[in-house]
$ cat target36.txt   # compact mmCIF, C-alpha atoms
# COMPACT_ATOMS: atom_id res chain seq x y z
CA MET A 241 36.67 83.01 133.70
CA PRO A 242 39.54 85.48 133.26
CA LEU A 243 38.80 88.41 130.97
CA ILE A 244 41.07 90.42 128.70
CA LEU A 245 40.50 94.14 129.20
CA GLY A 246 42.02 97.27 127.71
CA THR A 247 44.56 99.01 129.95
CA ASN A 248 44.07 102.65 129.06
CA SER A 249 45.52 103.84 132.35
CA ILE A 250 48.97 102.53 131.42
CA LYS A 251 49.02 103.85 127.87
CA ASP A 252 51.41 106.55 126.65
CA THR A 253 52.15 108.23 123.37
CA GLY A 254 55.04 105.87 122.63
CA PHE A 255 54.56 102.20 123.54
CA ASN A 256 50.97 101.24 124.36
CA VAL A 257 50.03 98.20 126.45
CA ALA A 258 47.12 96.57 124.66
CA ASN A 259 45.58 94.18 127.19
CA SER A 260 45.24 93.11 130.79
CA LEU A 261 43.93 89.95 132.41
CA ARG A 262 41.29 90.17 135.15
CA PHE A 263 41.42 87.42 137.76
CA ASN A 264 37.88 86.85 139.00
CA ARG A 265 37.89 86.44 142.76
CA ALA A 266 34.66 84.43 142.83
CA SER A 267 36.01 81.66 140.59
CA SER A 268 39.63 81.68 141.90
CA ASP A 269 41.14 82.30 138.47
CA ASN A 270 44.85 81.65 138.08
CA LEU A 271 47.50 80.45 135.64
CA SER A 272 50.06 77.73 136.27
CA ARG A 273 52.75 75.67 134.58
CA THR A 274 55.50 73.20 135.47
CA PRO A 275 58.75 73.65 133.49
CA SER A 276 60.06 70.44 131.92
CA SER A 277 63.58 71.09 133.22
CA ALA A 278 65.34 73.46 135.58
CA GLY A 279 66.76 76.80 134.46
CA ASN A 280 68.72 79.38 136.43
CA ARG A 281 67.45 79.25 140.02
CA ARG A 282 69.86 81.87 141.35
CA LYS A 283 69.24 84.76 138.98
CA PHE A 284 65.86 85.89 137.59
CA THR A 285 63.56 88.89 137.19
CA ILE A 286 59.80 89.27 137.47
CA SER A 287 58.12 92.32 135.91
CA LEU A 288 54.41 93.09 135.70
CA TRP A 289 51.78 95.81 135.83
CA ASN A 290 49.18 95.20 138.52
CA LYS A 291 45.92 96.88 139.52
CA ARG A 292 44.49 95.78 142.85
CA SER A 293 40.76 95.56 143.54
CA THR A 294 40.72 94.05 147.05
CA LEU A 295 42.77 95.09 150.07
CA GLY A 296 43.68 93.43 153.35
CA GLU A 297 44.06 89.90 151.95
CA TYR A 298 46.90 87.67 150.80
CA GLN A 299 47.29 88.03 147.03
CA TYR A 300 49.95 86.04 145.21
CA ILE A 301 51.91 87.35 142.23
CA LEU A 302 54.08 84.24 141.83
CA PHE A 303 54.35 81.05 143.87
CA ALA A 304 56.75 78.22 143.01
CA GLY A 305 57.13 74.87 144.75
CA ALA A 306 54.82 73.46 147.38
CA SER A 307 53.81 74.78 150.78
CA GLY A 308 55.33 72.66 153.55
CA SER A 309 58.32 71.87 151.32
CA ASP A 310 60.78 74.09 149.44
CA PHE A 311 58.89 77.09 148.05
CA PHE A 312 59.10 80.71 146.87
CA ALA A 313 56.39 83.34 147.20
CA PHE A 314 56.07 86.91 145.91
CA TYR A 315 52.85 88.42 147.20
CA TYR A 316 50.82 91.12 148.92
CA ALA A 317 50.30 90.27 152.58
CA ASN A 318 47.09 91.02 154.47
CA ASP A 319 48.63 94.27 155.74
CA ASP A 320 49.05 95.42 152.08
CA THR A 321 52.85 95.23 152.07
CA LEU A 322 54.74 93.52 149.25
CA ARG A 323 56.78 90.53 150.36
CA VAL A 324 59.33 88.03 149.07
CA TYR A 325 59.55 84.85 151.09
CA SER A 326 61.20 81.47 150.64
CA GLU A 327 61.82 78.50 152.85
CA VAL A 328 63.08 74.93 152.67
CA SER A 329 61.68 71.71 154.12
CA GLY A 330 61.40 71.85 157.87
CA GLY A 331 60.32 75.49 157.87
CA THR A 332 63.75 77.12 157.62
CA THR A 333 63.37 80.64 156.23
CA LYS A 334 65.83 81.53 153.47
CA THR A 335 64.42 84.89 152.35
CA ASN A 336 62.07 87.33 154.06
CA VAL A 337 61.84 90.81 152.57
CA VAL A 338 58.94 93.14 153.47
CA THR A 339 58.38 96.64 152.07
CA ASN A 340 57.94 99.65 154.33
CA ARG A 341 55.34 101.04 151.95
CA LEU A 342 51.73 99.90 151.84
CA PHE A 343 49.92 99.47 148.51
CA ARG A 344 46.32 100.54 148.98
CA ASP A 345 45.41 102.52 145.86
CA VAL A 346 42.87 100.39 143.99
CA SER A 347 42.54 103.04 141.26
CA ALA A 348 46.21 102.90 140.22
CA TRP A 349 48.34 100.61 138.12
CA TYR A 350 51.56 99.61 139.89
CA HIS A 351 54.57 98.53 137.85
CA ILE A 352 56.36 95.94 139.98
CA VAL A 353 59.82 94.49 139.37
CA LEU A 354 61.49 91.85 141.51
CA GLN A 355 65.21 91.48 140.79
CA ILE A 356 66.87 88.38 142.28
CA ASP A 357 70.56 87.47 142.15
CA SER A 358 71.72 85.21 144.96
CA THR A 359 75.22 85.08 143.40
CA HIS A 360 75.80 88.76 144.20
CA GLY A 361 78.70 89.45 146.55
CA ASN A 362 76.81 92.28 148.25
CA VAL A 363 74.12 90.61 150.36
CA ASN A 364 71.85 93.69 150.17
CA ASP A 365 71.71 93.42 146.37
CA ARG A 366 70.48 89.83 146.24
CA VAL A 367 66.80 90.83 146.44
CA ARG A 368 65.47 94.14 145.11
CA ILE A 369 61.89 95.32 144.63
CA TYR A 370 61.00 98.29 142.42
CA VAL A 371 57.58 99.92 142.16
CA ASN A 372 56.97 102.49 139.43
CA GLY A 373 60.69 102.81 138.77
CA VAL A 374 61.77 103.38 142.38
CA GLN A 375 63.55 100.82 144.55
CA GLU A 376 61.59 100.09 147.73
CA SER A 377 62.89 100.25 151.29
CA TYR A 378 62.17 97.41 153.71
CA SER A 379 60.92 96.98 157.25
CA THR A 380 62.31 93.43 157.23
CA ALA A 381 65.25 92.32 155.11
CA SER A 382 66.51 88.78 155.56
CA TYR A 383 68.49 87.90 152.44
CA PRO A 384 69.47 84.48 151.05
CA ASP A 385 72.83 82.82 151.42
CA GLN A 386 75.15 83.38 148.47
CA ASN A 387 74.31 81.04 145.57
CA TYR A 388 71.05 79.95 147.15
CA ASP A 389 68.84 78.04 144.68
CA TYR A 390 65.24 79.26 144.64
CA GLN A 391 62.33 77.16 143.41
CA VAL A 392 61.67 79.68 140.63
CA ASN A 393 62.83 78.19 137.31
CA ASN A 394 63.00 74.74 138.88
CA ASN A 395 60.90 71.94 137.35
CA VAL A 396 58.16 72.40 139.96
CA LEU A 397 54.68 73.88 139.74
CA HIS A 398 54.62 77.68 139.26
CA GLY A 399 51.42 79.61 139.92
CA VAL A 400 50.62 83.11 138.62
CA GLY A 401 48.04 84.69 140.92
CA ARG A 402 47.93 81.48 142.89
CA TYR A 403 49.02 80.02 146.24
CA LEU A 404 49.99 76.36 145.97
CA GLY A 405 49.30 75.39 149.56
CA GLY A 406 46.54 73.46 151.25
CA THR A 407 44.09 76.38 151.33
CA PRO A 408 43.98 78.16 147.95
CA ASN A 409 44.55 81.88 147.89
CA HIS A 410 44.45 83.52 144.50
CA SER A 411 44.76 87.02 143.05
CA GLN A 412 41.55 88.05 144.81
CA GLY A 413 40.16 89.93 141.84
CA GLY A 414 43.13 91.96 140.60
CA TYR A 415 44.40 92.76 137.11
CA PHE A 416 47.74 91.74 135.58
CA SER A 417 49.30 93.15 132.42
CA GLU A 418 52.67 92.70 130.68
CA TYR A 419 53.72 89.87 133.00
CA LEU A 420 57.32 88.68 132.42
CA LEU A 421 59.69 86.18 133.96
CA LEU A 422 63.32 86.39 132.83
CA ASP A 423 65.36 83.26 133.54
CA GLY A 424 69.07 83.92 134.16
CA LEU A 425 68.87 87.73 134.02
CA ASP A 426 68.64 90.24 136.86
CA HIS A 427 67.28 93.42 135.26
CA ASN A 428 66.24 96.53 137.12
CA ALA A 429 63.08 98.53 136.40
CA THR A 430 64.60 100.64 133.59
CA PHE A 431 64.52 97.63 131.24
CA PHE A 432 60.72 97.63 131.42
CA GLY A 433 59.70 101.25 131.92
CA GLU A 434 60.83 104.87 131.94
CA PHE A 435 59.80 108.24 133.33
CA ASP A 436 57.92 110.44 130.87
CA GLU A 437 59.97 113.56 130.06
CA ASP A 438 56.97 115.87 130.30
CA SER A 439 54.79 114.45 133.05
CA GLY A 440 57.35 112.54 135.11
CA ILE A 441 54.94 109.58 135.20
CA TRP A 442 56.41 106.08 135.01
CA LYS A 443 55.34 104.46 131.72
CA PRO A 444 55.90 101.11 129.97
CA LYS A 445 58.53 100.30 127.35
CA ASP A 446 58.42 97.74 124.56
CA VAL A 447 59.76 94.52 126.11
CA SER A 448 59.41 92.22 123.10
CA GLY A 449 63.13 92.37 122.33
CA LEU A 450 64.25 91.08 125.72
CA THR A 451 65.84 87.66 126.28
CA PHE A 452 63.70 85.34 128.42
CA GLY A 453 65.96 82.32 129.02
CA THR A 454 65.14 78.63 129.48
CA ASN A 455 61.99 78.94 131.58
CA GLY A 456 61.19 82.62 131.13
CA PHE A 457 57.94 83.81 129.60
CA TYR A 458 56.06 86.89 128.41
CA LEU A 459 52.31 87.01 129.09
CA ASP A 460 50.77 89.78 126.99
CA PHE A 461 47.21 88.38 127.23
CA GLU A 462 46.45 89.19 123.60
CA ASP A 463 45.08 85.76 122.63
CA SER A 464 41.63 85.33 124.19
CA SER A 465 41.60 81.65 123.20
CA ALA A 466 44.88 80.96 125.05
CA LEU A 467 45.25 83.36 127.96
CA GLY A 468 48.46 81.69 129.15
CA ASN A 469 50.16 81.92 125.76
CA ASP A 470 53.84 82.85 125.96
CA ALA A 471 54.40 85.74 123.55
CA ALA A 472 58.14 85.06 123.77
CA GLY A 473 57.40 81.87 121.87
CA SER A 474 59.00 79.18 124.02
CA ASN A 475 56.90 78.46 127.12

$ encode --input "target36.txt" --output "structure tokens"
Amino acid sequence: MPLILGTNSIKDTGFNVANSLRFNRASSDNLSRTPSSAGNRRKFTISLWNKRSTLGEYQYILFAGASGSDFFAFYYANDDTLRVYSEVSGGTTKTNVVTNRLFRDVSAWYHIVLQIDSTHGNVNDRVRIYVNGVQESYSTASYPDQNYDYQVNNNVLHGVGRYLGGTPNHSQGGYFSEYLLLDGLDHNATFFGEFDEDSGIWKPKDVSGLTFGTNGFYLDFEDSSALGNDAAGSN
């Protein structure tokens, strides 16, 4: 079963993050939902704090759709890069973005933001990944066509820490905290965190006042009886 744990390593003297959710590798823990209707499939933001505990394996942050059909995946690959990938039926790739940097520190909390806006006129700004407040550079960068509709915020199955293909791959024993999906908004990392004036360390901000949109959600993992409760109040 997933466990709620304190996240002391991402606390600061201002806003403190109260809880994290541990995904137990042995029992393939994950969260999932299917929105009742479609929201904005062209513009959205994912923000979360993540602590890895296993390296060299596929670990999914968000998967939407179905493998072999139209799908979206945001995940660590087995080479420990972060990747954004989407394709449509028939295996046509629509997005393939791979970070140059490898993420192999299992003692650290990473703050990860994925900012998507396929409506953007500048193709290079349609997919952006930030880690600890800094935009990543990419070894591979294949961006979507303008106004491409992703499966995120569509009325299809969405999995947190879960691969929705024929062979399940889950979070592989990592920790998630302050997990947000914003539907219809493309926010950069400064909406969710800031650099401490004294230490220069990236730290969390209070996100409770943000707008989450039709299918957006805020997982704060505070309710042990309902681990998938949406603290934003709608989903």

$ closest_residue --input "target36.txt" --among "A:Thr359, A:Asn270, A:Asn455, A:Ser260" --to "Glu418 (chain A)" --atoms "all atoms listed in the file"
A:Ser260

$ atom_distance --input "target36.txt" --atom1 "CA of Ser326 (chain A)" --atom2 "CA of Asp389 (chain A)"
10.3 Å

$ residues_around --input "target36.txt" --residues "Phe435 (chain A)" --least-positions-apart "2" --cutoff "12 Å" --atoms "all atoms listed in the file" --output "count of residues only"
20

$ closest_residue --input "target36.txt" --among "A:Val346, A:Leu420, A:Ile286, A:Leu271" --to "Arg368 (chain A)" --atoms "only C-alpha atoms"
A:Ile286

$ residues_around --input "target36.txt" --residues "Ser272 (chain A)" --least-positions-apart "2" --cutoff "8 Å" --atoms "all atoms listed in the file" --output "PyMOL selection string"
chain A and resi 270+274+397-400+402

$ closest_residue --input "target36.txt" --among "A:Asn395, A:Thr294, A:Ser382, A:Ser358" --to "Lys334 (chain A)" --atoms "only C-alpha atoms"
A:Ser382

$ closest_residue --input "target36.txt" --among "A:Asp310, A:Asp365, A:Glu297, A:Glu462" --to "Leu404 (chain A)" --atoms "all atoms listed in the file"
A:Asp310

$ residues_near_point --input "target36.txt" --point "(51.0, 84.8, 124.7)" --cutoff "12 Å" --atoms "all atoms listed in the file" --output "list in words"
Asn259, Ser260, Leu261, Ser417, Glu418, Tyr419, Leu420, Ser448, Phe457, Tyr458, Leu459, Asp460, Phe461, Glu462, Asp463, Ser464, Ser465, Ala466, Leu467, Gly468, Asn469, Asp470, Ala471, Ala472, Gly473, Ser474 and Asn475 of chain A

$ residues_around --input "target36.txt" --residues "Asn362 (chain A)" --least-positions-apart "5" --cutoff "12 Å" --atoms "only C-alpha atoms" --output "tab-separated table (two decimals) with C-alpha atoms, in the frame of the given file"
chain	number	residue	atom	x	y	z
A	357	ASP	CA	70.56	87.47	142.15
A	367	VAL	CA	66.80	90.83	146.44
A	368	ARG	CA	65.47	94.14	145.11
A	383	TYR	CA	68.49	87.90	152.44
A	384	PRO	CA	69.47	84.48	151.05
A	385	ASP	CA	72.83	82.82	151.42
A	386	GLN	CA	75.15	83.38	148.47
A	387	ASN	CA	74.31	81.04	145.57

$ atom_distance --input "target36.txt" --atom1 "CA of Thr321 (chain A)" --atom2 "CA of Ile301 (chain A)"
12.6 Å

$ residues_near_point --input "target36.txt" --point "(51.9, 98.8, 151.3)" --cutoff "7 Å" --atoms "all atoms listed in the file" --output "PyMOL selection string"
chain A and resi 320-322+339-344

$ residues_around --input "target36.txt" --residues "Gly296 (chain A)" --least-positions-apart "4" --cutoff "8 Å" --atoms "only C-alpha atoms" --output "PDB file with C-alpha atoms, keeping the file's coordinate frame"
ATOM      1  CA  ALA A 317      50.300  90.270 152.580  1.00  0.00           C
ATOM      2  CA  ASN A 318      47.090  91.020 154.470  1.00  0.00           C
ATOM      3  CA  ASP A 319      48.630  94.270 155.740  1.00  0.00           C
ATOM      4  CA  ASP A 320      49.050  95.420 152.080  1.00  0.00           C
TER       5      ASP A 320
END

$ residues_around --input "target36.txt" --residues "Ile352 (chain A)" --least-positions-apart "2" --cutoff "6 Å" --atoms "all atoms listed in the file" --output "PyMOL selection string"
chain A and resi 287-288+370-371

$ atom_distance --input "target36.txt" --atom1 "CA of Phe452 (chain A)" --atom2 "CA of Tyr378 (chain A)"
28.1 Å

$ closest_residue --input "target36.txt" --among "A:His427, A:Arg273, A:Arg323, A:Arg262" --to "Glu376 (chain A)" --atoms "only C-alpha atoms"
A:Arg323

$ closest_residue --input "target36.txt" --among "A:Trp289, A:Phe263, A:Tyr415, A:Tyr403" --to "Phe314 (chain A)" --atoms "all atoms listed in the file"
A:Tyr403

$ decode --input "target36.txt" --residues "region 315-379 of chain A" --atoms "C-alpha atoms" --output "PDB file, in the first residue's frame"
ATOM      1  CA  TYR A 315       8.819   9.477 -17.487  1.00  0.00           C
ATOM      2  CA  TYR A 316      12.357   8.508 -16.508  1.00  0.00           C
ATOM      3  CA  ALA A 317      13.867   6.173 -19.096  1.00  0.00           C
ATOM      4  CA  ASN A 318      16.164   3.279 -18.218  1.00  0.00           C
ATOM      5  CA  ASP A 319      19.179   5.517 -18.902  1.00  0.00           C
ATOM      6  CA  ASP A 320      17.933   7.916 -16.148  1.00  0.00           C
ATOM      7  CA  THR A 321      17.028  10.758 -18.518  1.00  0.00           C
ATOM      8  CA  LEU A 322      13.687  12.544 -18.275  1.00  0.00           C
ATOM      9  CA  ARG A 323      11.531  12.202 -21.368  1.00  0.00           C
ATOM     10  CA  VAL A 324       8.302  13.494 -22.892  1.00  0.00           C
ATOM     11  CA  TYR A 325       6.871  11.279 -25.588  1.00  0.00           C
ATOM     12  CA  SER A 326       3.584  11.099 -27.476  1.00  0.00           C
ATOM     13  CA  GLU A 327       2.355   9.209 -30.481  1.00  0.00           C
ATOM     14  CA  VAL A 328      -0.848   8.525 -32.387  1.00  0.00           C
ATOM     15  CA  SER A 329      -2.319   5.286 -33.715  1.00  0.00           C
ATOM     16  CA  GLY A 330      -0.019   3.578 -36.157  1.00  0.00           C
ATOM     17  CA  GLY A 331       3.095   4.513 -34.201  1.00  0.00           C
ATOM     18  CA  THR A 332       3.585   8.042 -35.532  1.00  0.00           C
ATOM     19  CA  THR A 333       5.678  10.045 -33.055  1.00  0.00           C
ATOM     20  CA  LYS A 334       4.331  13.511 -32.277  1.00  0.00           C
ATOM     21  CA  THR A 335       6.656  14.526 -29.430  1.00  0.00           C
ATOM     22  CA  ASN A 336      10.036  13.184 -28.346  1.00  0.00           C
ATOM     23  CA  VAL A 337      12.018  15.318 -25.903  1.00  0.00           C
ATOM     24  CA  VAL A 338      14.955  13.846 -23.955  1.00  0.00           C
ATOM     25  CA  THR A 339      17.069  15.692 -21.379  1.00  0.00           C
ATOM     26  CA  ASN A 340      20.842  15.874 -21.643  1.00  0.00           C
ATOM     27  CA  ARG A 341      21.111  15.541 -17.880  1.00  0.00           C
ATOM     28  CA  LEU A 342      20.852  12.256 -16.010  1.00  0.00           C
ATOM     29  CA  PHE A 343      18.968  12.035 -12.702  1.00  0.00           C
ATOM     30  CA  ARG A 344      20.792   9.586 -10.464  1.00  0.00           C
ATOM     31  CA  ASP A 345      20.777  11.150  -6.993  1.00  0.00           C
ATOM     32  CA  VAL A 346      18.519   8.937  -4.882  1.00  0.00           C
ATOM     33  CA  SER A 347      19.139  11.102  -1.797  1.00  0.00           C
ATOM     34  CA  ALA A 348      17.719  14.285  -3.339  1.00  0.00           C
ATOM     35  CA  TRP A 349      14.271  15.689  -3.960  1.00  0.00           C
ATOM     36  CA  TYR A 350      13.852  16.946  -7.529  1.00  0.00           C
ATOM     37  CA  HIS A 351      11.238  19.589  -8.295  1.00  0.00           C
ATOM     38  CA  ILE A 352      10.031  18.817 -11.816  1.00  0.00           C
ATOM     39  CA  VAL A 353       7.842  21.036 -14.003  1.00  0.00           C
ATOM     40  CA  LEU A 354       6.627  20.148 -17.479  1.00  0.00           C
ATOM     41  CA  GLN A 355       5.185  23.126 -19.364  1.00  0.00           C
ATOM     42  CA  ILE A 356       3.233  22.283 -22.523  1.00  0.00           C
ATOM     43  CA  ASP A 357       1.707  24.738 -25.004  1.00  0.00           C
ATOM     44  CA  SER A 358       1.266  23.365 -28.507  1.00  0.00           C
ATOM     45  CA  THR A 359      -0.408  26.643 -29.571  1.00  0.00           C
ATOM     46  CA  HIS A 360       2.874  28.536 -29.186  1.00  0.00           C
ATOM     47  CA  GLY A 361       4.187  30.134 -32.370  1.00  0.00           C
ATOM     48  CA  ASN A 362       7.788  29.338 -31.422  1.00  0.00           C
ATOM     49  CA  VAL A 363       8.185  25.586 -31.878  1.00  0.00           C
ATOM     50  CA  ASN A 364      10.978  25.416 -29.269  1.00  0.00           C
ATOM     51  CA  ASP A 365       8.632  26.752 -26.581  1.00  0.00           C
ATOM     52  CA  ARG A 366       5.927  24.120 -27.016  1.00  0.00           C
ATOM     53  CA  VAL A 367       7.569  21.688 -24.560  1.00  0.00           C
ATOM     54  CA  ARG A 368       9.717  22.830 -21.637  1.00  0.00           C
ATOM     55  CA  ILE A 369      11.093  20.842 -18.702  1.00  0.00           C
ATOM     56  CA  TYR A 370      12.377  22.515 -15.533  1.00  0.00           C
ATOM     57  CA  VAL A 371      14.209  20.786 -12.690  1.00  0.00           C
ATOM     58  CA  ASN A 372      14.826  22.698  -9.461  1.00  0.00           C
ATOM     59  CA  GLY A 373      13.974  25.986 -11.145  1.00  0.00           C
ATOM     60  CA  VAL A 374      16.264  25.600 -14.159  1.00  0.00           C
ATOM     61  CA  GLN A 375      15.104  24.823 -17.690  1.00  0.00           C
ATOM     62  CA  GLU A 376      16.724  21.640 -19.019  1.00  0.00           C
ATOM     63  CA  SER A 377      18.621  21.242 -22.282  1.00  0.00           C
ATOM     64  CA  TYR A 378      17.870  18.309 -24.567  1.00  0.00           C
ATOM     65  CA  SER A 379      19.783  15.657 -26.475  1.00  0.00           C
TER      66      SER A 379
END
